[in-house]
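Student: Take a look at my_file.cif, mmCIF, C-alpha atoms:
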data_input
#
loop_
_atom_site.label_atom_id
_atom_site.label_comp_id
_atom_site.auth_asym_id
_atom_site.auth_seq_id
_atom_site.Cartn_x
_atom_site.Cartn_y
_atom_site.Cartn_z
CA MET L 8 0.00 0.00 0.00
CA ASN L 9 0.98 3.65 -0.18
CA THR L 10 3.91 4.17 2.20
CA PHE L 11 3.71 7.98 2.07
CA PRO L 12 0.59 8.68 4.20
CA ALA L 13 1.22 12.40 4.79
CA ALA L 14 0.17 13.12 1.22
CA ASP L 15 -2.84 10.80 1.18
CA ALA L 16 -5.45 13.55 0.84
CA LEU L 17 -3.98 14.92 -2.39
CA VAL L 18 -3.38 11.40 -3.68
CA ARG L 19 -7.05 10.51 -3.11
CA ARG L 20 -8.12 13.60 -5.04
CA ASP L 21 -5.72 12.72 -7.85
CA LEU L 22 -6.83 9.12 -8.14
CA SER L 23 -10.48 10.19 -8.16
CA HIS L 24 -10.12 12.05 -11.44
CA LEU L 25 -6.73 11.88 -13.14
CA TRP L 26 -5.40 9.40 -15.69
CA HIS L 27 -1.59 9.54 -15.79
CA PRO L 28 0.64 8.90 -18.83
CA CYS L 29 2.55 5.69 -19.48
CA THR L 30 0.89 4.14 -16.44
CA GLN L 31 -1.32 1.18 -15.59
CA MET L 32 -3.38 3.07 -13.05
CA HIS L 33 -4.13 -0.15 -11.15
CA ASP L 34 -0.46 -0.10 -10.09
CA HIS L 35 -1.24 2.75 -7.75
CA GLN L 36 -3.00 0.35 -5.42
CA THR L 37 0.54 -0.61 -4.36
CA VAL L 38 2.93 1.83 -6.05
CA PRO L 39 2.93 5.23 -4.31
CA MET L 40 1.72 8.35 -6.08
CA ILE L 41 4.13 11.13 -5.08
CA PRO L 42 2.63 14.66 -4.78
CA ILE L 43 5.22 17.36 -5.45
CA ALA L 44 4.95 20.86 -4.03
CA ARG L 45 8.00 22.54 -5.53
CA GLY L 46 11.37 22.05 -7.17
CA GLU L 47 14.80 23.26 -6.12
CA GLY L 48 17.68 22.70 -8.51
CA ALA L 49 18.15 18.97 -9.03
CA TRP L 50 15.60 18.22 -6.30
CA LEU L 51 11.83 17.77 -6.11
CA VAL L 52 10.13 18.47 -2.79
CA GLY L 53 6.96 16.61 -1.86
CA THR L 54 3.93 18.08 -0.14
CA ASP L 55 5.02 16.17 2.94
CA GLY L 56 8.51 17.68 2.84
CA ARG L 57 10.26 14.59 1.49
CA ARG L 58 12.98 15.38 -1.06
CA TYR L 59 13.71 13.44 -4.25
CA LEU L 60 16.86 13.79 -6.33
CA ASP L 61 15.64 13.94 -9.93
CA GLY L 62 17.90 11.41 -11.63
CA ILE L 63 15.95 11.47 -14.91
CA SER L 64 15.39 15.23 -15.35
CA SER L 65 11.63 14.71 -15.14
CA TRP L 66 11.37 12.75 -18.39
CA TRP L 67 14.60 14.19 -19.82
CA THR L 68 13.38 17.79 -19.99
CA ASN L 69 15.07 19.67 -17.17
CA LEU L 70 18.55 21.00 -17.88
CA PHE L 71 19.37 23.76 -15.40
CA GLY L 72 17.36 22.83 -12.36
CA HIS L 73 13.76 23.07 -11.23
CA ALA L 74 12.51 26.62 -10.70
CA ASN L 75 15.71 27.99 -12.24
CA PRO L 76 15.55 31.69 -11.26
CA ARG L 77 17.00 33.01 -14.51
CA ILE L 78 14.53 31.13 -16.70
CA ALA L 79 11.65 31.88 -14.31
CA ALA L 80 12.40 35.59 -14.49
CA ALA L 81 12.35 35.53 -18.29
CA LEU L 82 9.01 33.72 -18.23
CA ALA L 83 7.50 36.22 -15.78
CA ASP L 84 8.73 39.16 -17.83
CA GLN L 85 7.25 37.74 -21.03
CA ALA L 86 3.94 36.94 -19.33
CA ARG L 87 3.52 40.63 -18.53
CA THR L 88 4.03 41.55 -22.19
CA LEU L 89 2.51 38.97 -24.56
CA GLU L 90 1.28 35.51 -23.62
CA HIS L 91 0.11 34.32 -27.04
CA VAL L 92 -0.88 35.44 -30.50
CA ILE L 93 -1.99 33.56 -33.58
CA PHE L 94 1.13 32.61 -35.55
CA ALA L 95 -0.52 32.61 -38.99
CA GLY L 96 0.03 36.06 -40.46
CA PHE L 97 1.47 37.43 -37.19
CA THR L 98 4.90 37.26 -35.58
CA HIS L 99 6.72 38.47 -32.47
CA GLU L 100 10.24 39.05 -31.18
CA PRO L 101 10.69 35.86 -29.08
CA ALA L 102 9.80 33.58 -31.98
CA VAL L 103 12.03 35.41 -34.45
CA ALA L 104 14.96 35.67 -32.05
CA LEU L 105 14.67 31.99 -31.11
CA ALA L 106 14.64 30.94 -34.76
CA GLU L 107 17.75 33.03 -35.40
CA GLU L 108 19.52 31.45 -32.43
CA LEU L 109 18.51 27.91 -33.39
CA VAL L 110 19.83 28.44 -36.91
CA ARG L 111 23.06 29.76 -35.41
CA VAL L 112 23.73 26.85 -33.05
CA THR L 113 22.50 23.85 -35.06
CA PRO L 114 24.56 22.11 -37.77
CA PRO L 115 25.15 24.10 -40.99
CA GLY L 116 22.41 24.31 -43.59
CA LEU L 117 19.43 24.14 -41.24
CA ASP L 118 18.10 27.59 -42.04
CA ARG L 119 14.32 27.28 -41.63
CA VAL L 120 12.40 26.73 -38.37
CA PHE L 121 8.87 25.37 -37.96
CA TYR L 122 7.45 25.41 -34.41
CA ALA L 123 5.15 22.87 -32.77
CA ASP L 124 4.11 21.95 -29.24
CA ASN L 125 5.93 18.77 -28.24
CA GLY L 126 8.29 16.09 -29.47
CA SER L 127 5.69 13.84 -31.09
CA ALA L 128 4.26 16.84 -32.92
CA ALA L 129 7.73 17.71 -34.22
CA ILE L 130 8.09 14.20 -35.63
CA GLU L 131 4.67 14.51 -37.28
CA VAL L 132 5.80 17.77 -38.90
CA ALA L 133 9.03 16.26 -40.20
CA LEU L 134 7.32 13.16 -41.62
CA LYS L 135 4.60 15.18 -43.32
CA MET L 136 7.05 17.78 -44.58
CA SER L 137 9.32 15.13 -46.08
CA PHE L 138 6.45 13.36 -47.82
CA HIS L 139 4.98 16.65 -49.00
CA TYR L 140 8.35 17.80 -50.35
CA TRP L 141 8.58 14.75 -52.59
CA LEU L 142 4.95 15.18 -53.66
CA ASN L 143 5.62 18.80 -54.62
CA GLN L 144 8.65 17.59 -56.59
CA GLY L 145 6.50 15.18 -58.57
CA HIS L 146 7.44 12.04 -56.64
CA GLY L 147 4.15 10.98 -55.10
CA GLU L 148 5.35 7.39 -55.14
CA LYS L 149 7.55 8.17 -52.13
CA THR L 150 5.27 7.31 -49.22
CA ARG L 151 7.34 5.17 -46.84
CA PHE L 152 9.93 5.69 -44.13
CA ILE L 153 12.90 3.70 -42.90
CA ALA L 154 13.37 3.51 -39.13
CA LEU L 155 15.76 1.57 -36.91
CA THR L 156 14.83 -1.54 -35.00
CA GLY L 157 14.32 -0.62 -31.37
CA SER L 158 13.54 2.99 -32.25
CA TYR L 159 10.99 5.21 -30.54
CA HIS L 160 9.83 8.59 -31.84
CA GLY L 161 6.61 9.40 -30.00
CA GLU L 162 3.01 8.44 -29.30
CA THR L 163 0.97 10.20 -31.98
CA LEU L 164 0.05 7.95 -34.89
CA GLY L 165 2.68 9.18 -37.31
CA ALA L 166 5.45 9.14 -34.72
CA LEU L 167 4.36 5.73 -33.47
CA SER L 168 4.34 4.48 -37.06
CA VAL L 169 8.11 4.96 -37.28
CA SER L 170 8.72 3.44 -33.83
CA ASP L 171 9.67 -0.15 -33.06
CA VAL L 172 9.07 -0.64 -29.36
CA ALA L 173 6.35 -3.28 -29.11
CA LEU L 174 5.16 -2.08 -25.70
CA TYR L 175 3.92 1.14 -27.30
CA ARG L 176 3.24 0.06 -30.87
CA LYS L 177 1.55 -3.35 -30.64
CA THR L 178 -1.90 -2.23 -29.51
CA TYR L 179 -2.25 0.41 -32.21
CA ALA L 180 -0.62 -1.50 -35.07
CA PRO L 181 -3.85 -1.67 -37.15
CA LEU L 182 -3.92 2.16 -37.20
CA LEU L 183 -0.28 2.69 -38.17
CA LEU L 184 1.84 3.00 -41.26
CA THR L 185 4.28 0.15 -41.74
CA PRO L 186 7.89 1.34 -41.71
CA ILE L 187 10.80 -0.41 -43.34
CA LEU L 188 13.02 -1.44 -40.44
CA ALA L 189 16.79 -1.23 -40.73
CA PRO L 190 18.89 -3.14 -38.17
CA SER L 191 19.99 -0.82 -35.39
CA PRO L 192 23.73 -0.13 -35.08
CA ASP L 193 23.30 -0.72 -31.33
CA ALA L 194 26.74 -1.61 -29.96
CA TYR L 195 25.14 -3.99 -27.44
CA GLU L 196 24.48 -6.33 -30.37
CA ALA L 197 28.15 -6.53 -31.35
CA GLN L 198 29.48 -9.92 -32.39
CA PRO L 199 32.43 -11.34 -30.40
CA GLY L 200 35.46 -9.10 -30.91
CA GLU L 201 33.50 -6.51 -32.89
CA SER L 202 33.96 -2.82 -32.01
CA PRO L 203 31.12 -0.28 -31.96
CA ALA L 204 32.59 1.29 -35.12
CA SER L 205 32.57 -2.10 -36.84
CA VAL L 206 28.94 -2.66 -35.84
CA ALA L 207 28.12 0.70 -37.41
CA GLN L 208 29.80 -0.26 -40.68
CA ARG L 209 28.08 -3.66 -40.79
CA ARG L 210 24.70 -2.07 -40.22
CA LEU L 211 25.38 0.58 -42.88
CA GLY L 212 25.90 -2.26 -45.33
CA GLU L 213 22.50 -3.66 -44.42
CA LEU L 214 20.93 -0.23 -44.76
CA ARG L 215 22.47 0.08 -48.23
CA VAL L 216 20.73 -3.13 -49.27
CA LEU L 217 17.38 -1.77 -48.04
CA LEU L 218 17.87 1.48 -49.93
CA GLU L 219 18.82 -0.35 -53.10
CA GLN L 220 15.49 -2.17 -52.85
CA HIS L 221 13.24 0.62 -51.57
CA ALA L 222 14.72 4.08 -52.18
CA HIS L 223 12.23 4.72 -54.99
CA GLU L 224 9.37 4.57 -52.45
CA VAL L 225 11.13 6.04 -49.40
CA CYS L 226 10.74 9.63 -48.23
CA ALA L 227 13.29 9.57 -45.40
CA VAL L 228 15.34 7.60 -42.93
CA ILE L 229 14.61 8.66 -39.34
CA VAL L 230 16.98 7.97 -36.44
CA GLU L 231 17.70 9.07 -32.89
CA PRO L 232 21.36 10.11 -33.16
CA LEU L 233 23.76 8.11 -30.94
CA VAL L 234 21.22 6.96 -28.31
CA GLN L 235 17.94 5.09 -28.80
CA CYS L 236 16.45 6.39 -25.58
CA ALA L 237 13.04 4.84 -24.94
CA GLY L 238 14.25 1.68 -26.66
CA GLY L 239 16.42 0.95 -23.63
CA MET L 240 19.13 3.60 -23.84
CA ARG L 241 20.91 1.61 -26.57
CA MET L 242 23.94 3.46 -27.94
CA TYR L 243 25.95 3.43 -31.16
CA HIS L 244 29.02 4.87 -32.84
CA PRO L 245 28.93 8.27 -34.64
CA ASP L 246 30.29 6.63 -37.82
CA TYR L 247 26.78 5.35 -38.45
CA LEU L 248 25.48 8.91 -38.76
CA ALA L 249 28.23 9.86 -41.19
CA GLY L 250 27.51 6.80 -43.31
CA LEU L 251 23.76 7.43 -43.12
CA ARG L 252 24.22 10.96 -44.42
CA ALA L 253 26.23 9.64 -47.37
CA LEU L 254 23.67 6.93 -48.17
CA CYS L 255 20.76 9.37 -48.02
CA ASP L 256 22.58 11.62 -50.50
CA GLU L 257 23.44 8.70 -52.77
CA PHE L 258 19.91 7.31 -52.85
CA THR L 259 18.05 10.66 -52.79
CA VAL L 260 16.12 10.28 -49.55
CA HIS L 261 15.90 12.61 -46.58
CA PHE L 262 17.70 12.16 -43.28
CA ILE L 263 15.54 13.03 -40.24
CA ALA L 264 17.45 13.44 -36.97
CA ASP L 265 15.26 13.06 -33.89
CA GLU L 266 17.32 15.01 -31.34
CA ILE L 267 14.35 15.53 -29.04
CA ALA L 268 15.94 13.63 -26.15
CA VAL L 269 19.63 13.77 -27.11
CA GLY L 270 19.92 17.42 -28.08
CA PHE L 271 21.08 20.36 -25.97
CA GLY L 272 24.21 18.86 -24.46
CA ARG L 273 23.05 15.41 -23.41
CA THR L 274 25.62 13.51 -25.47
CA GLY L 275 28.64 15.74 -24.76
CA THR L 276 28.13 18.10 -27.68
CA LEU L 277 25.30 20.58 -28.11
CA PHE L 278 23.74 18.27 -30.70
CA ALA L 279 24.54 14.60 -31.22
CA CYS L 280 24.91 15.03 -34.99
CA GLU L 281 27.96 17.21 -34.35
CA GLN L 282 29.93 14.13 -33.32
CA ALA L 283 29.66 12.82 -36.87
CA ARG L 284 30.04 16.28 -38.44
CA VAL L 285 26.78 15.85 -40.37
CA SER L 286 23.76 18.00 -41.07
CA PRO L 287 20.41 16.22 -41.46
CA ASP L 288 17.66 17.40 -43.78
CA PHE L 289 15.34 17.73 -40.78
CA MET L 290 16.26 18.10 -37.12
CA CYS L 291 13.51 17.67 -34.50
CA LEU L 292 14.01 19.40 -31.14
CA SER L 293 11.99 19.58 -27.92
CA LYS L 294 12.39 18.54 -24.24
CA GLY L 295 15.51 20.46 -23.18
CA LEU L 296 14.70 23.28 -25.61
CA THR L 297 12.89 25.14 -22.82
CA GLY L 298 14.97 23.78 -19.95
CA GLY L 299 11.94 21.80 -18.79
CA PHE L 300 9.70 24.83 -18.24
CA LEU L 301 7.12 24.77 -21.05
CA PRO L 302 6.03 22.59 -24.00
CA LEU L 303 7.72 23.63 -27.25
CA SER L 304 9.27 21.88 -30.20
CA ALA L 305 10.95 22.93 -33.40
CA VAL L 306 11.72 21.30 -36.72
CA LEU L 307 14.68 22.75 -38.55
CA THR L 308 15.16 22.11 -42.25
CA THR L 309 16.99 23.42 -45.27
CA THR L 310 16.28 26.28 -47.64
CA HIS L 311 16.11 23.65 -50.40
CA VAL L 312 13.18 21.93 -48.67
CA TYR L 313 11.50 25.26 -47.90
CA GLU L 314 11.67 26.35 -51.53
CA ALA L 315 9.74 23.26 -52.67
CA PHE L 316 6.69 24.71 -50.87
CA TYR L 317 7.18 28.34 -51.89
CA ALA L 318 4.79 29.09 -54.76
CA GLU L 319 1.65 30.99 -55.72
CA TYR L 320 -1.31 30.00 -53.56
CA SER L 321 -3.07 28.53 -56.59
CA ALA L 322 -0.26 25.96 -56.98
CA GLY L 323 -1.53 24.16 -53.87
CA LYS L 324 1.96 23.55 -52.48
CA ALA L 325 1.64 25.22 -49.07
CA PHE L 326 2.38 23.25 -45.90
CA LEU L 327 -0.93 23.65 -44.05
CA HIS L 328 0.04 21.91 -40.81
CA SER L 329 -0.87 24.01 -37.76
CA HIS L 330 -1.18 24.01 -33.96
CA SER L 331 -3.07 26.59 -31.91
CA TYR L 332 -0.02 27.33 -29.76
CA THR L 333 2.54 27.39 -32.56
CA GLY L 334 5.31 29.88 -31.75
CA ASN L 335 3.92 30.59 -28.28
CA PRO L 336 5.74 33.69 -26.96
CA LEU L 337 6.11 32.37 -23.41
CA ALA L 338 7.72 29.14 -24.57
CA CYS L 339 9.93 30.91 -27.12
CA ARG L 340 11.18 33.39 -24.52
CA VAL L 341 11.98 30.57 -22.10
CA ALA L 342 13.82 28.69 -24.84
CA LEU L 343 15.85 31.81 -25.63
CA GLU L 344 16.91 32.07 -22.00
CA THR L 345 17.83 28.38 -21.96
CA LEU L 346 20.08 28.85 -24.98
CA ALA L 347 21.54 31.98 -23.39
CA ILE L 348 22.71 29.88 -20.44
CA PHE L 349 24.61 27.65 -22.85
CA ARG L 350 26.15 30.76 -24.36
CA ASP L 351 27.05 32.44 -21.07
CA GLU L 352 28.22 29.48 -18.97
CA PRO L 353 30.65 26.55 -19.56
CA VAL L 354 27.82 24.03 -19.60
CA LEU L 355 29.34 21.45 -21.93
CA GLU L 356 32.71 21.54 -20.20
CA ARG L 357 31.09 20.95 -16.81
CA ASN L 358 28.90 18.21 -18.25
CA ARG L 359 31.98 16.35 -19.43
CA GLU L 360 33.42 16.48 -15.91
CA LEU L 361 30.14 15.23 -14.44
CA ALA L 362 29.92 12.49 -17.08
CA ALA L 363 33.45 11.33 -16.24
CA HIS L 364 32.55 11.12 -12.57
CA LEU L 365 29.37 9.19 -13.36
CA ALA L 366 31.37 6.75 -15.50
CA GLN L 367 33.90 6.21 -12.72
CA ARG L 368 31.16 5.50 -10.16
CA LEU L 369 29.30 3.06 -12.43
CA ALA L 370 32.38 1.15 -13.58
CA PRO L 371 32.28 -1.49 -10.76
CA LEU L 372 28.84 -2.59 -11.94
CA ARG L 373 30.41 -3.99 -15.12
CA ASP L 374 31.48 -7.02 -13.07
CA HIS L 375 28.11 -7.55 -11.41
CA PRO L 376 26.72 -11.04 -12.11
CA HIS L 377 23.32 -9.61 -13.10
CA VAL L 378 24.51 -6.65 -15.19
CA SER L 379 25.03 -7.40 -18.88
CA ALA L 380 26.18 -3.89 -19.81
CA VAL L 381 27.02 -0.48 -18.44
CA ARG L 382 26.92 2.05 -21.27
CA GLN L 383 27.25 5.79 -21.43
CA THR L 384 27.12 8.66 -23.91
CA GLY L 385 27.78 12.00 -22.22
CA MET L 386 25.18 12.71 -19.56
CA ILE L 387 23.21 9.55 -20.37
CA ALA L 388 24.21 6.31 -18.66
CA ALA L 389 22.43 2.98 -18.42
CA VAL L 390 22.79 -0.30 -16.53
CA GLU L 391 21.08 -3.36 -18.04
CA LEU L 392 19.89 -6.01 -15.59
CA VAL L 393 19.69 -9.64 -16.72
CA ALA L 394 18.98 -13.02 -15.16
CA ASP L 395 22.04 -14.61 -16.79
CA LYS L 396 25.07 -12.46 -17.58
CA ARG L 397 26.82 -14.92 -19.90
CA GLN L 398 23.77 -15.56 -22.09
CA ARG L 399 22.29 -12.10 -21.54
CA THR L 400 19.03 -13.78 -20.63
CA PRO L 401 16.55 -11.17 -19.40
CA PHE L 402 14.50 -11.54 -16.28
CA PRO L 403 10.87 -12.46 -17.02
CA SER L 404 9.14 -9.14 -17.67
CA ALA L 405 6.34 -10.00 -15.26
CA GLU L 406 8.85 -9.93 -12.39
CA ARG L 407 9.37 -6.19 -12.93
CA ARG L 408 12.84 -6.11 -11.42
CA GLY L 409 13.37 -2.53 -12.58
CA LEU L 410 10.28 -1.44 -10.67
CA ARG L 411 11.92 -2.72 -7.50
CA VAL L 412 14.84 -0.36 -8.11
CA TYR L 413 12.41 2.51 -8.62
CA LEU L 414 10.55 1.79 -5.39
CA HIS L 415 13.78 1.49 -3.43
CA GLY L 416 14.90 4.82 -4.88
CA LEU L 417 11.79 6.56 -3.60
CA THR L 418 12.43 5.35 -0.07
CA GLN L 419 15.95 6.78 -0.32
CA GLY L 420 14.95 10.11 -1.83
CA ALA L 421 15.90 9.40 -5.45
CA LEU L 422 13.83 9.43 -8.64
CA LEU L 423 15.14 6.56 -10.78
CA ARG L 424 12.37 5.51 -13.18
CA PRO L 425 13.73 2.62 -15.27
CA LEU L 426 12.94 1.46 -18.78
CA GLY L 427 11.94 -2.11 -18.05
CA ASP L 428 15.06 -3.59 -16.46
CA VAL L 429 17.36 -0.86 -17.74
CA ILE L 430 18.30 1.48 -14.90
CA TYR L 431 19.41 4.78 -16.38
CA PHE L 432 20.76 8.13 -15.28
CA MET L 433 19.93 11.41 -17.04
CA PRO L 434 20.18 14.07 -14.32
CA PRO L 435 19.88 17.86 -14.67
CA TYR L 436 23.12 19.60 -15.52
CA VAL L 437 23.15 21.36 -12.13
CA VAL L 438 23.68 18.05 -10.33
CA THR L 439 26.82 17.86 -8.17
CA THR L 440 29.31 15.02 -7.95
CA GLN L 441 28.04 14.33 -4.44
CA GLU L 442 24.49 14.05 -5.78
CA ILE L 443 25.70 11.70 -8.51
CA ASP L 444 27.25 9.60 -5.75
CA GLN L 445 23.90 9.51 -3.98
CA LEU L 446 22.09 8.44 -7.16
CA VAL L 447 24.58 5.69 -7.92
CA ASP L 448 24.73 4.43 -4.34
CA THR L 449 20.94 4.26 -4.23
CA ALA L 450 20.81 2.50 -7.59
CA ILE L 451 23.39 -0.08 -6.51
CA GLU L 452 21.43 -0.80 -3.34
CA GLY L 453 18.25 -1.07 -5.37
CA ILE L 454 19.86 -3.39 -7.91
CA GLU L 455 21.05 -5.71 -5.15
CA ARG L 456 17.53 -5.88 -3.76
CA ALA L 457 15.98 -6.28 -7.22
CA VAL L 458 18.09 -9.24 -8.32
CA ALA L 459 17.89 -11.10 -5.03
CA GLY L 460 15.52 -14.07 -5.04
#
How does the structure come out when it is put into C-alpha cells?
Tutor:
Amino acid sequence: MNTFPAADALVRRDLSHLWHPCTQMHDHQTVPMIPIARGEGAWLVGTDGRRYLDGISSWWTNLFGHANPRIAAALADQARTLEHVIFAGFTHEPAVALAEELVRVTPPGLDRVFYADNGSAAIEVALKMSFHYWLNQGHGEKTRFIALTGSYHGETLGALSVSDVALYRKTYAPLLLTPILAPSPDAYEAQPGESPASVAQRRLGELRVLLEQHAHEVCAVIVEPLVQCAGGMRMYHPDYLAGLRALCDEFTVHFIADEIAVGFGRTGTLFACEQARVSPDFMCLSKGLTGGFLPLSAVLTTTHVYEAFYAEYSAGKAFLHSHSYTGNPLACRVALETLAIFRDEPVLERNRELAAHLAQRLAPLRDHPHVSAVRQTGMIAAVELVADKRQRTPFPSAERRGLRVYLHGLTQGALLRPLGDVIYFMPPYVVTTQEIDQLVDTAIEGIERAVAG
C-alpha cells in the first residue's frame, strides 16, 4: 500500500479524477503516487517535505534545475508583455529571435524553423514535410519511411508508425503506417570481438541493401542520433550517422534526426549530430529546448526543402500543418533564456566532468553477475539487468525487477524511473558530484535488492 501517508489527501483527489501517462493506473493500489509541491535545482520536494533527487530530469526535460531563477524571471517578464498570438500572419520578437539562435547553433544548412508543441508533434511535422516535399517535386510514389529496430519517436500515430518498441506500438498496429526497419547499429548487439565502429559499418551495409530495394518509395530515414532512448538507452558509434548521411545523399532520400531527447548537451556536444560532423535534412528538437519549463518543439530544415513549398497560392503547395499554440511567446522566450545559459556558462565543459565522474562510479557494476552492460554517452548512462550475464538472458518481464529499483529509490529520496530492467541516469546539468554519488549508491542498493531471489 501507499507508504507515504502524509500526502494521502492529495493522492485521493488525484486518483479520483486523473489518468496519468505511461501508467497502468491499477499499479497505484501498491505503487505510491508522489505529490510534489515545488522544485529546487536537481531536487523535487513533496507536499510532505520529502525530497527526491531527480535522476531522470523529469522525463529528460530539465537542464538547469527546477525553478531555475533566470529562466523563471524571463518567463514572468514575457507573461507581462505577450502571452500568445496567432502565428498565422502574425509574428513576435521571441519567436524570431529563437529561430535566429537555433539556426546559429545547429549544424550548418538548417536555415528554416517550424514550431510545434511537443516532441511527437515535431516528428509529425518532419514526416509530413518530407512526404509533401517529394509530392511537390512530382514524386508521389515516395510514401514510406525507414526507421531503426528498437527505435521510438513518440506516441501520436505518425510518430508511433516509425517506432519499433512493441510495448507502445503493438496495440495500435492496425492504425499505423508500416515502416521499413533497418537493423539498429546498437553496440550492445556486437558480435564477439567486434567494435562499436565495426557494428556501425556492418549495419550501414544492411541499410544500403534496403535502400537499393526501396529508395524509390522512401521519403526519409529517421533515427535518434547516438542513443535510442526509450528503446532501452541503446547506444551506437557516430560513424553510423556519417555513413547514413552519405547513403541518403546517394539514394536521394531525406535524413531526419530526432534530437528531441539527445539534443542540448546530453551527449557531450550541443547536438549529437555534431559528433559525426553531419547536417540532417530535418532536425527535430523539444524537451531540453525550454529547460523543462514549457512545452515547445521545433523542426529545422533546409532552404532547399523550404523552396519546394514556396509558390503561388493557386499551386496548392503550401504546408498547411498548424497548432493553436505554434510559436507561443512564453515558450519561445523561455527557450531563448535556456540557450543563453549555454552561451554564457561553460555548460558542456562541466557536463563532461560530471559524465566522467558518473562513468567512474558506475564502472564497478560492469562485473556484477546480473549486469550485462554499463553504457554511457555523455550525460546519459544505463545499466542493463539480466537473469544470466553470460547468455544475456533477461528476467521475465512479469517480475518487474526494474520497478523494484524505482521503489527502493523513492524510499531513499531518489527518482530513478527505469525502462523495463534498464536502470538509467539522465540528471539535470546542475547536479553535483556528491548528488551523482547519492544516485549511484541508491541505484546499486536497489539493484542488489531487485536481483535477489
Student: Show me a table, sorted first by chain and then by increasing residue number, of the residues of segment 215-285 of chain L having an atom at most 8 Å from segment 98-114 of chain L, each with its shortest atom pair and the distance in Å to one decimal, counting all atoms listed in the file and written as CSV.
Tutor:
residue,atom,partner,partner_atom,distance
L:Phe278,CA,L:Thr113,CA,7.2
L:Cys280,CA,L:Pro114,CA,7.6
L:Glu281,CA,L:Pro114,CA,6.9
L:Val285,CA,L:Pro114,CA,7.1
Student: Carefully work through the PyMOL selection byres ((chain L and resi 118) around 8) for this structure and note down the residues it includes, as number ranges by chain.
Tutor: L: 110, 115-117, 119-120, 307-310
Student: Evaluating the PyMOL selection byres ((chain L and resi 69) around 8) on the displayed file yields which residues, as a ChimeraX atom specification?
Tutor: /L:64-68,70-73,294-295,298-300,435
Student: What do you get, as a PyMOL selection string, if you spell out every residue that the PyMOL selection byres ((chain L and resi 148) around 12) selects here?
Tutor: chain L and resi 138-147+149-151+221-226
Student: Can you list, as a ChimeraX atom specification, every protein, DNA or RNA residue that comes within 10 Å of Leu301 of chain L when you count only C-alpha atoms, leaving out same-chain residues fewer than 3 positions away?
Tutor: /L:68,82,124-125,293-298,304,335,337-339,341-342
Student: Tell me, as number ranges by chain, which residues lie within 6 Å of segment 401-409 of chain L, counting all atoms listed in the file; anything in the same chain fewer than 2 positions away does not count.
Tutor: L: 393-394, 411-412, 425, 427-428, 457
Student: Residues around (30.6, 12.4, -17.6), cut-off 9 Å, counting all atoms listed in the file - what are they as a list in words?
Tutor: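 Looking at atoms near the point gives Gly275, Arg357, Asn358, Arg359, Glu360, Leu361, Ala362, Ala363, His364, Leu365, Ala366, Gln367, Gln383, Thr384, Gly385, Met386, Ile387 and Ala388 of chain L.
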